[in-house]
file entry28.txt (compact mmCIF, C-alpha atoms and all ligand atoms)
# COMPACT_ATOMS: atom_id res chain seq x y z
CA MET A 4 -40.17 -0.40 -25.46
CA THR A 5 -38.48 -2.78 -27.91
CA VAL A 6 -39.95 -3.23 -31.39
CA SER A 7 -40.05 -7.02 -31.57
CA GLY A 8 -37.26 -8.62 -33.58
CA ALA A 9 -36.12 -5.43 -35.33
CA THR A 10 -32.46 -4.40 -35.02
CA TYR A 11 -30.10 -1.81 -36.49
CA ARG A 12 -26.34 -1.48 -36.96
CA ALA A 13 -24.31 0.73 -34.62
CA VAL A 14 -20.66 1.22 -33.73
CA GLN A 15 -20.13 1.37 -30.00
CA ALA A 16 -17.21 2.12 -27.68
CA THR A 17 -16.69 -0.82 -25.31
CA GLY A 18 -13.68 0.44 -23.34
CA PRO A 19 -10.81 2.93 -23.68
CA GLY A 20 -9.86 3.21 -27.38
CA MET A 21 -12.11 0.31 -28.43
CA LEU A 22 -14.87 0.61 -31.07
CA GLU A 23 -16.88 -2.34 -32.43
CA LEU A 24 -19.70 -2.85 -34.93
CA THR A 25 -22.77 -4.34 -33.31
CA ARG A 26 -26.53 -4.74 -33.75
CA LYS A 27 -28.92 -3.17 -31.30
CA PRO A 28 -32.64 -3.75 -30.79
CA LEU A 29 -34.93 -1.07 -32.21
CA VAL A 30 -36.84 0.76 -29.47
CA GLU A 31 -39.75 3.20 -29.48
CA PRO A 32 -39.01 6.84 -28.61
CA GLY A 33 -39.89 7.84 -25.05
CA PRO A 34 -41.86 10.95 -24.02
CA GLY A 35 -40.30 14.12 -25.46
CA GLN A 36 -38.12 12.08 -27.85
CA VAL A 37 -38.03 11.34 -31.56
CA ARG A 38 -36.43 8.35 -33.27
CA ILE A 39 -34.17 9.27 -36.19
CA ARG A 40 -33.09 7.15 -39.15
CA VAL A 41 -29.53 8.49 -39.30
CA GLU A 42 -28.07 9.12 -42.78
CA ALA A 43 -24.69 10.63 -41.86
CA CYS A 44 -22.68 11.46 -38.74
CA GLY A 45 -19.51 13.53 -38.49
CA VAL A 46 -16.50 12.39 -36.48
CA CYS A 47 -15.52 15.09 -33.99
CA HIS A 48 -12.49 15.34 -31.69
CA SER A 49 -14.88 15.45 -28.72
CA ASP A 50 -15.85 11.84 -29.54
CA ALA A 51 -12.68 11.06 -27.57
CA ALA A 52 -14.68 11.95 -24.46
CA THR A 53 -16.67 8.76 -25.10
CA VAL A 54 -14.09 6.50 -26.73
CA GLU A 55 -11.20 7.31 -24.37
CA GLY A 56 -13.44 7.75 -21.33
CA GLN A 57 -12.41 11.37 -20.71
CA PHE A 58 -15.91 11.82 -19.29
CA PRO A 59 -17.39 9.21 -16.94
CA ILE A 60 -18.91 6.75 -19.46
CA ALA A 61 -21.16 3.76 -18.88
CA TRP A 62 -19.78 1.53 -21.69
CA PRO A 63 -20.91 0.27 -24.13
CA ARG A 64 -21.82 3.65 -25.58
CA VAL A 65 -22.41 4.77 -29.20
CA PRO A 66 -20.46 8.02 -29.84
CA GLY A 67 -21.36 10.73 -32.37
CA HIS A 68 -22.87 14.21 -32.07
CA GLU A 69 -23.00 15.44 -35.67
CA ALA A 70 -25.91 13.28 -36.79
CA VAL A 71 -28.31 14.04 -39.65
CA GLY A 72 -31.31 11.99 -40.72
CA ARG A 73 -35.09 11.79 -40.90
CA ILE A 74 -37.54 11.40 -38.06
CA ASP A 75 -39.16 7.97 -38.32
CA ALA A 76 -41.15 7.88 -35.05
CA VAL A 77 -42.33 10.57 -32.62
CA GLY A 78 -42.81 9.96 -28.87
CA MET A 79 -45.50 11.30 -26.56
CA ASN A 80 -45.57 15.02 -25.78
CA VAL A 81 -43.60 16.12 -28.85
CA ALA A 82 -45.00 19.12 -30.70
CA GLY A 83 -43.64 20.80 -33.82
CA TRP A 84 -41.79 17.82 -35.30
CA SER A 85 -43.18 15.10 -37.52
CA VAL A 86 -42.28 11.83 -39.19
CA GLY A 87 -40.24 12.30 -42.38
CA GLN A 88 -38.76 15.67 -41.37
CA ARG A 89 -34.99 16.13 -41.85
CA VAL A 90 -33.25 16.89 -38.56
CA GLY A 91 -29.81 17.15 -37.03
CA VAL A 92 -28.49 16.43 -33.54
CA GLY A 93 -25.47 18.16 -32.06
CA PHE A 94 -23.47 17.84 -28.83
CA LEU A 95 -26.17 19.29 -26.56
CA GLY A 96 -28.84 16.63 -26.16
CA GLY A 97 -31.82 18.96 -25.61
CA SER A 98 -32.83 21.32 -22.81
CA CYS A 99 -35.38 20.58 -20.08
CA GLY A 100 -37.44 23.77 -20.34
CA TYR A 101 -37.92 24.21 -16.58
CA CYS A 102 -34.52 24.77 -14.88
CA LEU A 103 -33.34 28.27 -13.97
CA SER A 104 -31.08 28.54 -17.06
CA CYS A 105 -33.90 27.43 -19.39
CA ARG A 106 -36.33 29.81 -17.72
CA GLY A 107 -33.83 32.60 -18.37
CA GLY A 108 -33.51 31.60 -22.03
CA ASP A 109 -29.98 30.18 -21.69
CA LEU A 110 -30.57 26.76 -23.26
CA VAL A 111 -26.86 25.94 -23.70
CA ASN A 112 -26.43 25.94 -19.94
CA CYS A 113 -29.55 23.90 -19.08
CA ARG A 114 -28.82 22.03 -15.83
CA ASN A 115 -30.64 18.90 -16.99
CA GLN A 116 -29.09 18.51 -20.41
CA GLU A 117 -27.27 15.37 -21.48
CA PHE A 118 -24.45 15.33 -24.02
CA THR A 119 -25.15 13.29 -27.14
CA GLY A 120 -23.02 10.15 -27.38
CA ILE A 121 -21.83 10.58 -23.79
CA GLN A 122 -24.77 10.03 -21.41
CA HIS A 123 -26.90 8.44 -24.14
CA ASP A 124 -26.19 6.80 -27.51
CA GLY A 125 -25.25 9.06 -30.41
CA GLY A 126 -25.03 8.99 -34.20
CA TYR A 127 -22.47 6.30 -35.12
CA ALA A 128 -25.55 4.22 -35.91
CA GLU A 129 -28.41 3.69 -38.38
CA ILE A 130 -30.91 4.71 -35.68
CA MET A 131 -30.78 7.03 -32.67
CA LEU A 132 -33.18 8.55 -30.16
CA ALA A 133 -33.01 12.28 -29.43
CA ARG A 134 -34.82 14.78 -27.25
CA ALA A 135 -36.99 16.94 -29.50
CA SER A 136 -35.88 20.11 -27.65
CA GLY A 137 -32.34 19.71 -29.04
CA LEU A 138 -33.20 19.14 -32.73
CA VAL A 139 -31.92 21.35 -35.53
CA ALA A 140 -33.79 21.75 -38.84
CA ILE A 141 -31.85 20.79 -42.00
CA PRO A 142 -32.41 22.88 -45.19
CA ASP A 143 -33.51 20.81 -48.21
CA ASP A 144 -30.59 21.85 -50.36
CA LEU A 145 -27.90 20.49 -48.01
CA SER A 146 -27.03 16.81 -48.29
CA ALA A 147 -26.81 14.82 -45.06
CA GLU A 148 -23.03 14.51 -45.50
CA ALA A 149 -22.59 18.27 -46.03
CA ALA A 150 -24.85 19.15 -43.10
CA ALA A 151 -23.32 16.76 -40.52
CA PRO A 152 -20.11 18.69 -39.64
CA LEU A 153 -22.10 21.91 -39.35
CA LEU A 154 -23.91 20.56 -36.28
CA CYS A 155 -20.85 20.77 -34.04
CA ALA A 156 -17.84 22.30 -35.84
CA GLY A 157 -20.13 24.69 -37.75
CA LEU A 158 -22.47 25.64 -34.92
CA THR A 159 -19.61 26.18 -32.46
CA THR A 160 -17.75 28.62 -34.70
CA PHE A 161 -20.83 30.33 -36.19
CA SER A 162 -22.33 30.88 -32.73
CA ALA A 163 -19.08 32.33 -31.34
CA LEU A 164 -18.84 34.81 -34.24
CA ARG A 165 -22.54 35.68 -34.38
CA ASN A 166 -22.91 36.27 -30.64
CA SER A 167 -19.70 38.31 -30.30
CA PRO A 168 -19.59 42.11 -30.08
CA ALA A 169 -17.61 42.36 -33.37
CA LYS A 170 -19.31 44.36 -36.10
CA ALA A 171 -19.01 44.31 -39.90
CA GLY A 172 -15.63 45.68 -40.97
CA ASP A 173 -13.91 44.85 -37.66
CA LEU A 174 -10.67 42.86 -37.54
CA VAL A 175 -11.45 39.26 -36.51
CA ALA A 176 -8.78 36.59 -36.11
CA ILE A 177 -9.23 32.83 -36.31
CA VAL A 178 -6.51 30.78 -34.63
CA GLY A 179 -6.10 27.26 -36.08
CA ILE A 180 -7.11 26.21 -39.61
CA GLY A 181 -8.40 22.70 -38.87
CA GLY A 182 -11.86 21.15 -38.59
CA LEU A 183 -13.33 24.16 -36.75
CA GLY A 184 -11.00 26.84 -38.11
CA HIS A 185 -11.60 26.18 -41.81
CA LEU A 186 -15.31 26.81 -41.20
CA ALA A 187 -14.69 29.79 -38.91
CA VAL A 188 -12.64 31.59 -41.59
CA GLN A 189 -15.46 31.11 -44.14
CA TYR A 190 -18.14 32.33 -41.72
CA ALA A 191 -16.07 35.34 -40.62
CA ARG A 192 -15.48 36.42 -44.22
CA ARG A 193 -19.13 36.04 -45.19
CA MET A 194 -20.29 37.93 -42.08
CA GLY A 195 -18.35 40.96 -43.35
CA PHE A 196 -15.29 41.03 -41.09
CA GLU A 197 -11.68 41.77 -42.01
CA VAL A 198 -10.34 38.27 -41.45
CA VAL A 199 -6.95 37.18 -40.14
CA ALA A 200 -6.16 33.46 -40.22
CA ILE A 201 -3.44 32.28 -37.83
CA GLY A 202 -1.75 28.92 -38.37
CA ARG A 203 1.55 27.18 -37.64
CA GLY A 204 3.98 27.39 -40.55
CA ASP A 205 3.37 29.06 -43.91
CA LYS A 206 1.96 26.03 -45.74
CA ALA A 207 -1.67 26.87 -44.86
CA ALA A 208 -1.46 30.47 -46.15
CA PRO A 209 -2.80 29.82 -49.70
CA PHE A 210 -5.59 27.63 -48.29
CA ALA A 211 -6.57 30.33 -45.76
CA ALA A 212 -6.72 32.88 -48.59
CA LYS A 213 -8.95 30.54 -50.59
CA LEU A 214 -11.30 30.23 -47.61
CA GLY A 215 -11.59 34.01 -47.53
CA ALA A 216 -8.89 35.26 -45.12
CA HIS A 217 -7.55 38.74 -45.93
CA HIS A 218 -4.36 38.18 -43.90
CA TYR A 219 -2.34 35.21 -42.72
CA ILE A 220 -0.02 35.06 -39.69
CA ASP A 221 2.45 32.20 -39.24
CA SER A 222 2.49 31.63 -35.47
CA ALA A 223 5.79 29.72 -35.69
CA ALA A 224 7.59 32.70 -37.21
CA HIS A 225 5.81 35.68 -35.62
CA ASP A 226 4.58 36.95 -32.28
CA ILE A 227 0.85 36.73 -33.05
CA GLY A 228 -0.06 39.49 -30.58
CA ALA A 229 2.34 41.99 -32.18
CA ALA A 230 1.26 40.92 -35.68
CA MET A 231 -2.42 41.55 -34.86
CA GLN A 232 -1.54 44.92 -33.32
CA ALA A 233 0.30 45.83 -36.54
CA LEU A 234 -3.03 45.27 -38.35
CA GLY A 235 -4.79 47.61 -35.92
CA GLY A 236 -5.73 45.22 -33.10
CA ALA A 237 -8.48 42.57 -33.21
CA SER A 238 -12.06 43.06 -32.01
CA LEU A 239 -12.35 39.32 -31.69
CA VAL A 240 -10.00 36.35 -31.68
CA VAL A 241 -11.63 32.93 -32.00
CA VAL A 242 -9.21 30.28 -30.74
CA THR A 243 -10.13 26.95 -32.32
CA ALA A 244 -6.78 25.31 -31.48
CA SER A 245 -6.72 23.73 -28.03
CA GLY A 246 -4.08 24.77 -25.49
CA GLY A 247 -4.06 27.69 -23.11
CA ASP A 248 -0.79 29.25 -24.30
CA VAL A 249 -2.08 30.27 -27.71
CA ALA A 250 -5.06 32.01 -26.06
CA SER A 251 -2.62 33.79 -23.71
CA LEU A 252 -0.64 35.06 -26.69
CA ALA A 253 -3.81 36.10 -28.53
CA ILE A 254 -4.84 38.45 -25.70
CA LYS A 255 -1.88 40.67 -26.67
CA GLY A 256 -3.41 41.15 -30.11
CA LEU A 257 -6.73 42.59 -28.93
CA GLY A 258 -7.80 46.16 -29.54
CA PRO A 259 -9.86 48.09 -26.96
CA ARG A 260 -13.00 46.13 -25.93
CA GLY A 261 -11.57 43.15 -27.80
CA ARG A 262 -12.45 39.64 -26.79
CA VAL A 263 -10.76 36.25 -27.03
CA ILE A 264 -13.22 33.35 -27.30
CA VAL A 265 -11.76 29.91 -26.61
CA LEU A 266 -13.42 26.90 -28.26
CA GLY A 267 -10.77 24.17 -27.95
CA ALA A 268 -11.00 22.12 -24.74
CA SER A 269 -7.81 21.64 -22.74
CA SER A 270 -6.74 21.70 -19.13
CA ASP A 271 -3.89 24.23 -19.57
CA PRO A 272 -4.46 27.61 -17.98
CA VAL A 273 -4.93 30.82 -19.96
CA GLN A 274 -2.65 33.50 -18.56
CA ALA A 275 -3.17 37.22 -18.81
CA ALA A 276 -1.69 40.19 -17.01
CA THR A 277 -4.58 41.99 -15.34
CA THR A 278 -3.25 45.22 -16.88
CA ASP A 279 -3.78 43.72 -20.37
CA LEU A 280 -7.42 43.16 -19.43
CA LEU A 281 -8.30 46.29 -17.54
CA PHE A 282 -6.65 48.85 -19.86
CA GLY A 283 -8.97 48.71 -22.86
CA GLY A 284 -11.58 46.54 -21.13
CA ARG A 285 -10.39 43.36 -22.86
CA SER A 286 -11.87 39.97 -22.01
CA VAL A 287 -11.49 36.24 -22.42
CA GLU A 288 -14.41 33.85 -22.49
CA GLY A 289 -15.30 30.30 -23.41
CA ALA A 290 -18.20 29.14 -25.55
CA LEU A 291 -19.78 25.70 -25.65
CA THR A 292 -21.33 25.00 -29.07
CA GLY A 293 -24.70 26.85 -29.36
CA ASP A 294 -28.45 26.68 -28.83
CA PRO A 295 -30.84 24.98 -31.29
CA ALA A 296 -32.10 28.25 -32.83
CA THR A 297 -28.49 29.22 -33.58
CA GLY A 298 -28.13 25.68 -34.99
CA ASP A 299 -30.99 26.38 -37.41
CA ALA A 300 -29.31 29.69 -38.34
CA THR A 301 -25.94 27.95 -38.85
CA LEU A 302 -27.43 25.52 -41.35
CA ARG A 303 -29.45 28.21 -43.15
CA PHE A 304 -26.53 30.65 -43.32
CA SER A 305 -24.20 27.91 -44.58
CA SER A 306 -26.64 27.11 -47.34
CA LEU A 307 -27.30 30.77 -48.27
CA ALA A 308 -23.66 31.89 -48.13
CA GLY A 309 -22.12 28.74 -49.61
CA VAL A 310 -20.06 27.76 -46.54
CA GLU A 311 -18.97 24.15 -46.79
CA ALA A 312 -16.89 21.84 -44.66
CA MET A 313 -14.24 19.91 -46.58
CA ILE A 314 -15.19 16.33 -45.91
CA GLU A 315 -14.12 12.79 -46.56
CA THR A 316 -16.84 10.14 -46.23
CA MET A 317 -16.50 6.59 -44.94
CA PRO A 318 -19.18 3.92 -44.41
CA LEU A 319 -20.34 3.30 -40.84
CA GLU A 320 -18.44 0.02 -40.49
CA ARG A 321 -15.15 1.91 -40.98
CA ALA A 322 -15.82 4.12 -37.93
CA PRO A 323 -12.80 2.72 -36.00
CA GLU A 324 -10.49 3.72 -38.88
CA ALA A 325 -12.20 7.12 -39.24
CA TYR A 326 -11.82 7.79 -35.51
CA ALA A 327 -8.14 6.75 -35.50
CA LYS A 328 -7.42 8.98 -38.50
CA MET A 329 -9.12 11.96 -36.82
CA MET A 330 -7.23 11.35 -33.54
CA ALA A 331 -3.92 11.19 -35.47
CA GLY A 332 -4.69 14.68 -36.86
CA GLN A 333 -4.86 13.30 -40.43
CA ALA A 334 -8.47 14.22 -41.24
CA ARG A 335 -8.70 16.87 -44.02
CA PHE A 336 -10.78 18.39 -42.52
CA ARG A 337 -13.80 16.45 -41.31
CA ILE A 338 -14.65 12.78 -41.69
CA VAL A 339 -18.33 11.90 -42.10
CA LEU A 340 -19.70 8.39 -41.59
CA THR A 341 -22.46 7.39 -44.03
CA MET A 342 -25.12 4.77 -43.41
CA GLY A 343 -25.89 4.05 -47.08
CA ASN A 344 -29.58 4.99 -46.73
CA ALA A 345 -29.75 8.71 -47.72
CA SER A 346 -33.15 9.60 -49.16
ZN ZN B 1 -18.07 18.04 -31.58
ZN ZN B 2 -33.08 23.28 -18.36
call {"tool": "encode", "arguments": {"input": "entry28.txt", "output": "structure tokens", "more": "lines below"}}
Ligand SMILES: [Zn+2]
Ligand SMILES: [Zn+2]
result
Amino acid sequence: MTVSGATYRAVQATGPGMLELTRKPLVEPGPGQVRIRVEACGVCHSDAATVEGQFPIAWPRVPGHEAVGRIDAVGMNVAGWSVGQRVGVGFLGGSCGYCLSCRGGDLVNCRNQEFTGIQHDGGYAEIMLARASGLVAIPDDLSAEAAAPLLCAGLTTFSALRNSPAKAGDLVAIVGIGGLGHLAVQYARRMGFEVVAIGRGDKAAPFAAKLGAHHYIDSAAHDIGAAMQALGGASLVVVTASGGDVASLAIKGLGPRGRVIVLGASSDPVQAATTDLLFGGRSVEGALTGDPATGDATLRFSSLAGVEAMIETMPLERAPEAYAKMMAGQARFRIVLTMGNAS
């Protein structure tokens, strides 16, 4: 239902590569939904799914799945959330509660879950609607700008590390020191692992050390599998860089029972000799972001342990420039859009 006459600013994708500033009519939240006054929204590489039409998109569509703000209206049948509460919305738009995956407690793989900014409008806007079942609580001591990147880049890497079999003291490698990787290295160090950062070239080595890495491997100069074996073999390799070949190389660096977790989406295959998997019981798996409870834990842990994304902020109206800069690989390391209304 439209609230008569009221509008808000949003940036929407109107076709492949096209973003425009527009005004949209304010609507009331539907059953199971809340309406959020958005204060900040991170720009994520997966926004390309919407802007470039990598997923089937019904344009116009507002991208953005790292949104933080305050609830300003609550729909029917919403319990546990109230007006004024600070919340975040990530990529997963909220689980249904009744499908087989939900009934088994696997909320990430809910069969009736939409993706934020893909099947419904996301956070490049002053206002958005969200399913209450997907909301994440934001700690008071994190600003909206600081919290935003943690809802996708943070949750994805934190969840992969936290749900892995690696234990304190184990060797854990992070491949790629970009938007996801610079958070993954900080989480891994603060979770008590021996941390190896793997990047291309030696320029990132001092930065990786500052983030908390104990070791640095230059993938352009070294065979990363052999280099990890020289350190004793990894219990876990988190591949934040996209591309199947780097994951294939990482398998060679695993110790017994070691696991490669791939987080970067790409269509290239991951190749492994079956002997590399069966001797030592090694495995490769993918992980898609994380569930809302792990989202709450990501934000709390980040606040407690002092994990921060390096961000650059831009006002909402500069979203096309922010998106282009991110797509050109020039973001250091996350761009956050601000709506100028933080409270
Ligand atoms: Zn994302
Ligand atoms: Zn479900």
call {"tool": "closest_residue", "arguments": {"input": "entry28.txt", "among": "A:Val6, A:Val81, A:Ile338, A:Ile39", "to": "ligand ZN 1 (chain B)", "atoms": "all atoms listed in the file"}}
result
A:Ile338
call {"tool": "closest_residue", "arguments": {"input": "entry28.txt", "among": "A:Thr243, A:Gln232, A:Ser270, A:Ser251", "to": "ligand ZN 1 (chain B)", "atoms": "only C-alpha atoms and all ligand atoms"}}
result
A:Thr243
call {"tool": "closest_residue", "arguments": {"input": "entry28.txt", "among": "A:Thr5, A:Gln36, A:Ser245, A:Thr159", "to": "ligand ZN 1 (chain B)", "atoms": "only C-alpha atoms and all ligand atoms"}}
result
A:Thr159
call {"tool": "residues_around", "arguments": {"input": "entry28.txt", "residues": "Thr10 in chain A", "least_positions_apart": "4", "cutoff": "6 Å", "atoms": "all atoms listed in the file", "output": "number ranges by chain"}}
result
A: 27-29
call {"tool": "write_last_selection", "arguments": {"input": "entry28.txt", "atoms": "C-alpha atoms", "output": "tab-separated table (two decimals), in the frame of the given file"}}
result
chain	number	residue	atom	x	y	z
A	27	LYS	CA	-28.92	-3.17	-31.30
A	28	PRO	CA	-32.64	-3.75	-30.79
A	29	LEU	CA	-34.93	-1.07	-32.21
call {"tool": "residues_around", "arguments": {"input": "entry28.txt", "residues": "Asp221 in chain A", "least_positions_apart": "3", "cutoff": "9 Å", "atoms": "only C-alpha atoms", "output": "NGL selection string"}}
result
:A and (200-208 or 224-227)
call {"tool": "residues_near_ligand", "arguments": {"input": "entry28.txt", "ligand": "ligand ZN 2 (chain B)", "cutoff": "10 Å", "atoms": "all atoms listed in the file", "output": "count of residues only"}}
result
20
call {"tool": "residues_around", "arguments": {"input": "entry28.txt", "residues": "Glu129 in chain A", "least_positions_apart": "6", "cutoff": "8 Å", "atoms": "all atoms listed in the file", "output": "PyMOL selection string"}}
result
chain A and resi 11-13+40-42+342
call {"tool": "closest_residue", "arguments": {"input": "entry28.txt", "among": "A:Val90, A:Leu214, A:Cys44, A:Leu307", "to": "His185 in chain A", "atoms": "only C-alpha atoms"}}
result
A:Leu214
call {"tool": "residues_near_point", "arguments": {"input": "entry28.txt", "point": "(-11.0, 43.1, -38.3)", "cutoff": "9 Å", "atoms": "only C-alpha atoms", "output": "VMD selection string"}}
result
chain A and resid 169 to 176 196 to 199 234 to 239
